[in-house]
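Q: My structure is below; once you've seen it, I'll send some questions.
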Amino acid sequence: MKLDIVKVFSLLLLLGSSSCTSYRKIPYFQVEGEPKVFEMKSNAEKGVIRFQPEDIIAISVNVVGEQQIVSDYSLLTSAADAGAEGGGGGGQTYLVSSAGEINFPTLGLIKVAGFSPEELREHIKQLLQERMKVEPIVNVRLANFRIYFLGDAGAHQLVINKDRIDIFEALATGGDLSLSGRRDNVLIRRKLPDGNFKFIRIDISKADISTSPYFYLRQNDLIYVQPGRAALMQPDLAMMGTITSITSFILGIIAIVTMFTRK
């Protein structure tokens with residue numbers, strides 16, 4: 001009996017320590033010592049969008065009081081279209097070619113791959129100023145900024161309407177992860193400008209994730225959150241429960257039949 005008590009106690013201790021270990025993988029922003037106030041650096045410059053092939057870029061050109069000049073740098077074909085686009089050239093979209101270029105009205109082919117939105121805006125503005133006597137107003141944005149999710153984060157895509165987003169902001173839009181999601185083993189698949197893919201594993205449970213160069217997401221990033229063991233075992237546990245119920249039912253029938261047979 002004494003040996004059995006020791007075994008039971010050891011088993012409970014093992015289960016308890018296992019539960020504590022699993023719990024430590026769930027909270028975000030973990031810092032050793034759990035200070036009440038702390039600061040972390042951020043690689044914000046790593047989160048700047050850089051245009052690459054297959055991106056869709058929206059570009060608008062405006063010149064105050066000079067609609068005729070604007071029409072030379074717009075794909076719009078009528079005044080009605082111009083009004084529909086917000087006036088003054090609107091936001092034309094351009095698909096970046098495999099060579100990293102767009103075909104811009106009047107200016108022709110422009111190399112855009114590798115530019116940030118701000119850099120491309122200044123570049124186009126400079127090209128236009130060489131042809132105009134007035135200063136144009138140029139706006140540039142990425143029109144197909146999307147992030148994709150798989151695994152415990154749920155299969156869905158997120159359309160971004162700003163120039164930068166970090167991984168917590170992206171996860172928050174999907175309702176966060178379940179308790180079973182592996183926060184310490186999140187996989188990012190990132191498409192490179194040459195068409196190849198780079199795979200990165202990060203631990204988002206630690207506060208120092210903000211210092212990672214992969215804290216800010218890029219267009220077409222795919223986030224895969226690995227399910228925890230508990231989630232993977234659920235189908236097996238459900239099957240075991242079904243088998244147990246069926247077995248208990250059969251044994252009950254056998255017991256009843258045996259009881260009446262003996263009589």
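Within each chain, counting starts at residue 1; across the structure tokens, chains are named A, B, ... in the order shown, with ligands numbered 1 upward in that order.
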Just the strand (DSSP E) stuff from segment 56-208 of chain A, please, per backbone DSSP, written as a JSON list (two decimals) with N, CA and C atoms, in the first residue's frame.
A:
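Output saved as result_2.json:
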[["chain", "number", "residue", "atom", "x", "y", "z"],
["A", 56, "ILE", "N", 0.85, 45.23, -56.13],
["A", 56, "ILE", "CA", -0.03, 46.18, -56.82],
["A", 56, "ILE", "C", 0.10, 47.51, -56.08],
["A", 57, "ILE", "N", 0.54, 48.53, -56.81],
["A", 57, "ILE", "CA", 0.81, 49.83, -56.21],
["A", 57, "ILE", "C", -0.23, 50.84, -56.69],
["A", 58, "ALA", "N", -0.83, 51.56, -55.75],
["A", 58, "ALA", "CA", -1.76, 52.64, -56.09],
["A", 58, "ALA", "C", -1.01, 53.96, -56.05],
["A", 59, "ILE", "N", -1.06, 54.70, -57.15],
["A", 59, "ILE", "CA", -0.34, 55.98, -57.26],
["A", 59, "ILE", "C", -1.32, 57.05, -57.76],
["A", 60, "SER", "N", -1.35, 58.17, -57.08],
["A", 60, "SER", "CA", -2.17, 59.29, -57.53],
["A", 60, "SER", "C", -1.28, 60.52, -57.71],
["A", 61, "VAL", "N", -1.57, 61.31, -58.73],
["A", 61, "VAL", "CA", -0.85, 62.55, -59.02],
["A", 61, "VAL", "C", -1.84, 63.69, -59.05],
["A", 62, "ASN", "N", -1.57, 64.74, -58.31],
["A", 62, "ASN", "CA", -2.44, 65.92, -58.28],
["A", 62, "ASN", "C", -1.60, 67.18, -58.42],
["A", 92, "GLN", "N", -4.52, 55.38, -59.27],
["A", 92, "GLN", "CA", -4.34, 54.34, -60.29],
["A", 92, "GLN", "C", -3.52, 53.19, -59.71],
["A", 93, "THR", "N", -3.84, 51.97, -60.13],
["A", 93, "THR", "CA", -3.10, 50.82, -59.65],
["A", 93, "THR", "C", -2.20, 50.27, -60.75],
["A", 94, "TYR", "N", -1.02, 49.82, -60.35],
["A", 94, "TYR", "CA", -0.02, 49.31, -61.29],
["A", 94, "TYR", "C", 0.53, 48.00, -60.74],
["A", 95, "LEU", "N", 0.60, 46.99, -61.58],
["A", 95, "LEU", "CA", 1.17, 45.70, -61.20],
["A", 95, "LEU", "C", 2.67, 45.73, -61.46],
["A", 101, "GLU", "N", 9.34, 46.54, -62.38],
["A", 101, "GLU", "CA", 9.02, 47.83, -62.99],
["A", 101, "GLU", "C", 7.51, 48.01, -63.14],
["A", 102, "ILE", "N", 7.10, 49.28, -63.28],
["A", 102, "ILE", "CA", 5.72, 49.61, -63.65],
["A", 102, "ILE", "C", 5.80, 50.52, -64.88],
["A", 103, "ASN", "N", 4.74, 50.49, -65.68],
["A", 103, "ASN", "CA", 4.67, 51.35, -66.87],
["A", 103, "ASN", "C", 3.80, 52.55, -66.52],
["A", 104, "PHE", "N", 4.43, 53.67, -66.21],
["A", 104, "PHE", "CA", 3.73, 54.86, -65.75],
["A", 104, "PHE", "C", 3.44, 55.78, -66.92],
["A", 108, "GLY", "N", 6.87, 56.33, -68.75],
["A", 108, "GLY", "CA", 7.32, 55.02, -69.24],
["A", 108, "GLY", "C", 7.66, 54.08, -68.11],
["A", 109, "LEU", "N", 8.60, 53.17, -68.36],
["A", 109, "LEU", "CA", 8.97, 52.17, -67.36],
["A", 109, "LEU", "C", 9.76, 52.80, -66.22],
["A", 110, "ILE", "N", 9.31, 52.50, -65.00],
["A", 110, "ILE", "CA", 9.98, 53.02, -63.80],
["A", 110, "ILE", "C", 10.34, 51.84, -62.91],
["A", 111, "LYS", "N", 11.56, 51.78, -62.46],
["A", 111, "LYS", "CA", 11.99, 50.74, -61.53],
["A", 111, "LYS", "C", 11.45, 51.06, -60.14],
["A", 137, "ILE", "N", 1.58, 66.85, -56.32],
["A", 137, "ILE", "CA", 1.31, 66.12, -55.09],
["A", 137, "ILE", "C", 1.17, 64.65, -55.46],
["A", 138, "VAL", "N", 2.06, 63.82, -54.94],
["A", 138, "VAL", "CA", 2.09, 62.40, -55.30],
["A", 138, "VAL", "C", 1.81, 61.56, -54.06],
["A", 139, "ASN", "N", 0.91, 60.61, -54.20],
["A", 139, "ASN", "CA", 0.62, 59.66, -53.13],
["A", 139, "ASN", "C", 0.87, 58.24, -53.62],
["A", 140, "VAL", "N", 1.51, 57.44, -52.79],
["A", 140, "VAL", "CA", 1.85, 56.06, -53.15],
["A", 140, "VAL", "C", 1.49, 55.14, -51.99],
["A", 141, "ARG", "N", 0.85, 54.02, -52.30],
["A", 141, "ARG", "CA", 0.56, 53.02, -51.26],
["A", 141, "ARG", "C", 0.50, 51.63, -51.89],
["A", 142, "LEU", "N", 0.75, 50.64, -51.07],
["A", 142, "LEU", "CA", 0.63, 49.25, -51.50],
["A", 142, "LEU", "C", -0.83, 48.85, -51.44],
["A", 146, "ARG", "N", -1.47, 41.97, -47.89],
["A", 146, "ARG", "CA", -2.24, 40.89, -47.28],
["A", 146, "ARG", "C", -1.34, 39.98, -46.45],
["A", 147, "ILE", "N", -1.90, 39.50, -45.34],
["A", 147, "ILE", "CA", -1.23, 38.53, -44.48],
["A", 147, "ILE", "C", -2.13, 37.30, -44.42],
["A", 148, "TYR", "N", -1.53, 36.10, -44.48],
["A", 148, "TYR", "CA", -2.29, 34.86, -44.48],
["A", 148, "TYR", "C", -2.01, 34.07, -43.21],
["A", 149, "PHE", "N", -3.03, 33.37, -42.70],
["A", 149, "PHE", "CA", -2.91, 32.60, -41.47],
["A", 149, "PHE", "C", -3.35, 31.16, -41.70],
["A", 150, "LEU", "N", -2.65, 30.23, -41.05],
["A", 150, "LEU", "CA", -2.99, 28.81, -41.06],
["A", 150, "LEU", "C", -2.76, 28.24, -39.66],
["A", 151, "GLY", "N", -3.26, 27.03, -39.45],
["A", 151, "GLY", "CA", -3.02, 26.35, -38.18],
["A", 151, "GLY", "C", -3.94, 26.85, -37.09],
["A", 156, "HIS", "N", -7.38, 32.07, -42.67],
["A", 156, "HIS", "CA", -8.00, 33.29, -43.18],
["A", 156, "HIS", "C", -6.91, 34.23, -43.67],
["A", 157, "GLN", "N", -7.32, 35.30, -44.33],
["A", 157, "GLN", "CA", -6.39, 36.31, -44.77],
["A", 157, "GLN", "C", -6.79, 37.66, -44.20],
["A", 158, "LEU", "N", -5.81, 38.50, -44.00],
["A", 158, "LEU", "CA", -6.02, 39.82, -43.44],
["A", 158, "LEU", "C", -5.57, 40.87, -44.44],
["A", 159, "VAL", "N", -6.47, 41.79, -44.80],
["A", 159, "VAL", "CA", -6.14, 42.88, -45.71],
["A", 159, "VAL", "C", -5.73, 44.08, -44.86],
["A", 181, "GLY", "N", -2.55, 26.81, -28.85],
["A", 181, "GLY", "CA", -1.59, 27.23, -29.88],
["A", 181, "GLY", "C", -0.17, 27.37, -29.35],
["A", 182, "ARG", "N", 0.81, 26.92, -30.14],
["A", 182, "ARG", "CA", 2.22, 26.98, -29.74],
["A", 182, "ARG", "C", 2.77, 28.38, -29.98],
["A", 183, "ARG", "N", 2.70, 29.22, -28.97],
["A", 183, "ARG", "CA", 3.22, 30.58, -29.07],
["A", 183, "ARG", "C", 4.74, 30.60, -29.16],
["A", 184, "ASP", "N", 5.36, 29.55, -28.68],
["A", 184, "ASP", "CA", 6.83, 29.49, -28.68],
["A", 184, "ASP", "C", 7.38, 28.91, -29.99],
["A", 185, "ASN", "N", 6.49, 28.62, -30.94],
["A", 185, "ASN", "CA", 6.96, 27.99, -32.19],
["A", 185, "ASN", "C", 6.10, 28.45, -33.37],
["A", 186, "VAL", "N", 6.03, 29.77, -33.56],
["A", 186, "VAL", "CA", 5.25, 30.34, -34.66],
["A", 186, "VAL", "C", 6.13, 30.41, -35.90],
["A", 187, "LEU", "N", 5.60, 29.93, -37.01],
["A", 187, "LEU", "CA", 6.37, 29.88, -38.26],
["A", 187, "LEU", "C", 5.88, 30.97, -39.22],
["A", 188, "ILE", "N", 6.83, 31.72, -39.76],
["A", 188, "ILE", "CA", 6.54, 32.74, -40.77],
["A", 188, "ILE", "C", 7.14, 32.28, -42.10],
["A", 189, "ARG", "N", 6.29, 32.22, -43.13],
["A", 189, "ARG", "CA", 6.79, 31.97, -44.48],
["A", 189, "ARG", "C", 6.79, 33.29, -45.22],
["A", 190, "ARG", "N", 7.98, 33.73, -45.60],
["A", 190, "ARG", "CA", 8.13, 35.03, -46.25],
["A", 190, "ARG", "C", 8.62, 34.86, -47.68],
["A", 191, "LYS", "N", 7.91, 35.50, -48.60],
["A", 191, "LYS", "CA", 8.29, 35.44, -50.01],
["A", 191, "LYS", "C", 9.38, 36.46, -50.29],
["A", 197, "PHE", "N", 11.21, 31.30, -51.06],
["A", 197, "PHE", "CA", 10.58, 31.49, -49.75],
["A", 197, "PHE", "C", 11.61, 31.31, -48.64],
["A", 198, "LYS", "N", 11.42, 32.08, -47.58],
["A", 198, "LYS", "CA", 12.25, 31.97, -46.39],
["A", 198, "LYS", "C", 11.32, 31.61, -45.22],
["A", 199, "PHE", "N", 11.71, 30.63, -44.41],
["A", 199, "PHE", "CA", 10.90, 30.18, -43.28],
["A", 199, "PHE", "C", 11.61, 30.54, -41.99],
["A", 200, "ILE", "N", 10.89, 31.19, -41.08],
["A", 200, "ILE", "CA", 11.47, 31.67, -39.82],
["A", 200, "ILE", "C", 10.60, 31.22, -38.67],
["A", 201, "ARG", "N", 11.19, 30.69, -37.63],
["A", 201, "ARG", "CA", 10.46, 30.32, -36.42],
["A", 201, "ARG", "C", 10.74, 31.36, -35.33],
["A", 202, "ILE", "N", 9.68, 31.83, -34.68],
["A", 202, "ILE", "CA", 9.83, 32.84, -33.63],
["A", 202, "ILE", "C", 9.01, 32.44, -32.41]]
Q: Set the distance at 9 Å and use only C-alpha atoms: which residues neighbour Ser210 of chain A once local chain neighbours fewer than 2 positions away are removed? I'd like the list as a list in words.
A: Met40, Lys41, Ser42, Asn43, Ala44, Asp166, Ile204, Lys206, Ala207, Asp208, Ser212, Pro213, Tyr214, Phe215 and Tyr216 of chain A
Q: Go ahead and save the residues from that selection, with N, CA and C atoms, as a PDB file, in the first residue's frame.
A:
ATOM      1  N   MET A  40      11.313  47.664 -24.135  1.00  0.00           N
ATOM      2  CA  MET A  40      11.975  46.831 -25.135  1.00  0.00           C
ATOM      3  C   MET A  40      12.205  47.654 -26.397  1.00  0.00           C
ATOM      4  N   LYS A  41      13.345  47.447 -27.010  1.00  0.00           N
ATOM      5  CA  LYS A  41      13.626  48.138 -28.259  1.00  0.00           C
ATOM      6  C   LYS A  41      12.787  47.533 -29.379  1.00  0.00           C
ATOM      7  N   SER A  42      12.650  48.278 -30.444  1.00  0.00           N
ATOM      8  CA  SER A  42      11.878  47.796 -31.586  1.00  0.00           C
ATOM      9  C   SER A  42      12.634  48.096 -32.874  1.00  0.00           C
ATOM     10  N   ASN A  43      12.696  47.094 -33.732  1.00  0.00           N
ATOM     11  CA  ASN A  43      13.324  47.285 -35.040  1.00  0.00           C
ATOM     12  C   ASN A  43      12.293  47.832 -36.027  1.00  0.00           C
ATOM     13  N   ALA A  44      11.807  49.044 -35.737  1.00  0.00           N
ATOM     14  CA  ALA A  44      10.752  49.628 -36.569  1.00  0.00           C
ATOM     15  C   ALA A  44      11.204  49.797 -38.017  1.00  0.00           C
ATOM     16  N   ASP A 166       2.514  44.841 -36.923  1.00  0.00           N
ATOM     17  CA  ASP A 166       3.330  43.840 -36.231  1.00  0.00           C
ATOM     18  C   ASP A 166       2.500  42.580 -36.017  1.00  0.00           C
ATOM     19  N   ILE A 204       6.704  34.107 -29.749  1.00  0.00           N
ATOM     20  CA  ILE A 204       5.985  35.349 -29.460  1.00  0.00           C
ATOM     21  C   ILE A 204       5.529  35.438 -28.006  1.00  0.00           C
ATOM     22  N   LYS A 206       7.661  35.693 -25.551  1.00  0.00           N
ATOM     23  CA  LYS A 206       8.661  36.511 -24.878  1.00  0.00           C
ATOM     24  C   LYS A 206       8.537  37.970 -25.298  1.00  0.00           C
ATOM     25  N   ALA A 207       8.742  38.854 -24.342  1.00  0.00           N
ATOM     26  CA  ALA A 207       8.612  40.288 -24.623  1.00  0.00           C
ATOM     27  C   ALA A 207       9.661  40.791 -25.614  1.00  0.00           C
ATOM     28  N   ASP A 208      10.832  40.130 -25.637  1.00  0.00           N
ATOM     29  CA  ASP A 208      11.888  40.602 -26.528  1.00  0.00           C
ATOM     30  C   ASP A 208      11.620  40.270 -27.999  1.00  0.00           C
ATOM     31  N   SER A 212      12.980  41.519 -32.609  1.00  0.00           N
ATOM     32  CA  SER A 212      13.244  40.638 -33.757  1.00  0.00           C
ATOM     33  C   SER A 212      13.023  41.379 -35.074  1.00  0.00           C
ATOM     34  N   PRO A 213      13.852  41.120 -36.073  1.00  0.00           N
ATOM     35  CA  PRO A 213      13.631  41.727 -37.397  1.00  0.00           C
ATOM     36  C   PRO A 213      12.371  41.207 -38.077  1.00  0.00           C
ATOM     37  N   TYR A 214      11.744  40.173 -37.491  1.00  0.00           N
ATOM     38  CA  TYR A 214      10.526  39.606 -38.066  1.00  0.00           C
ATOM     39  C   TYR A 214       9.284  39.972 -37.254  1.00  0.00           C
ATOM     40  N   PHE A 215       9.444  40.910 -36.309  1.00  0.00           N
ATOM     41  CA  PHE A 215       8.319  41.359 -35.505  1.00  0.00           C
ATOM     42  C   PHE A 215       7.276  42.056 -36.375  1.00  0.00           C
ATOM     43  N   TYR A 216       7.760  42.864 -37.326  1.00  0.00           N
ATOM     44  CA  TYR A 216       6.854  43.505 -38.277  1.00  0.00           C
ATOM     45  C   TYR A 216       6.698  42.608 -39.499  1.00  0.00           C
TER      46      TYR A 216
END
Q: For Gln219 of chain A, which residue among A:Val112, A:Ile160, A:Ile246, A:Leu127 is the nearest when counting only C-alpha atoms?
A: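 Of A:Val112, A:Ile160, A:Ile246, A:Leu127, the one nearest Gln219 of chain A is A:Ile160, counting only C-alpha atoms.
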Q: Using DSSP on the backbone, list every residue of segment 160-207 of chain A that comes out as helix (DSSP H, G or I), and give them as a ChimeraX atom specification.
A: /A:167-173,207
Q: Save out the residues we just selected, C-alpha atoms, as a PDB file, in the first residue's frame.
A:
ATOM      1  CA  ILE A 167       2.497  40.224 -35.500  1.00  0.00           C
ATOM      2  CA  PHE A 168       0.410  40.976 -32.381  1.00  0.00           C
ATOM      3  CA  GLU A 169      -1.747  43.482 -34.242  1.00  0.00           C
ATOM      4  CA  ALA A 170      -2.270  40.919 -36.996  1.00  0.00           C
ATOM      5  CA  LEU A 171      -3.208  38.141 -34.545  1.00  0.00           C
ATOM      6  CA  ALA A 172      -5.562  40.439 -32.639  1.00  0.00           C
ATOM      7  CA  THR A 173      -7.669  41.020 -35.749  1.00  0.00           C
ATOM      8  CA  ALA A 207       8.612  40.288 -24.623  1.00  0.00           C
TER       9      ALA A 207
END
Q: Quick one: distance from atom CA of Leu217 of chain A to atom CA of Ile165 of chain A in Å, one decimal?
A: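 Atom-to-atom, atom CA of Leu217 of chain A and atom CA of Ile165 of chain A are spaced 6.0 Å apart.
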Q: Nearest residue to Pro227 of chain A out of A:Gly175, A:Pro117, A:Gly252, A:Gly154, using only C-alpha atoms?
A: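 Using only C-alpha atoms, the shortest distance to Pro227 of chain A belongs to A:Gly154.
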Q: Between atom CA of Arg121 of chain A and atom CA of Asn161 of chain A, what distance in Å does the model show, to one decimal?
A: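 One can read the atom CA of Arg121 of chain A to atom CA of Asn161 of chain A distance as 17.6 Å.
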Q: What separation in Å, quoted to one decimal, exists between atom CA of His123 of chain A and atom CA of Asn196 of chain A?
A: 27.8 Å
Q: Given only C-alpha atoms as the basis, pick out the residue of A:Gln226, A:Asp176, A:Gln52, A:Glu130 nearest to Asn144 of chain A.
A: A:Gln52
Q: Compare A:Gly195, A:Leu128, A:Gly47, A:Ser205 by their minimum atom-to-atom distance to Phe29 of chain A, counting only C-alpha atoms, and give me the closest one.
A: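 Answer, going by the shortest atom-to-atom distance: A:Ser205.
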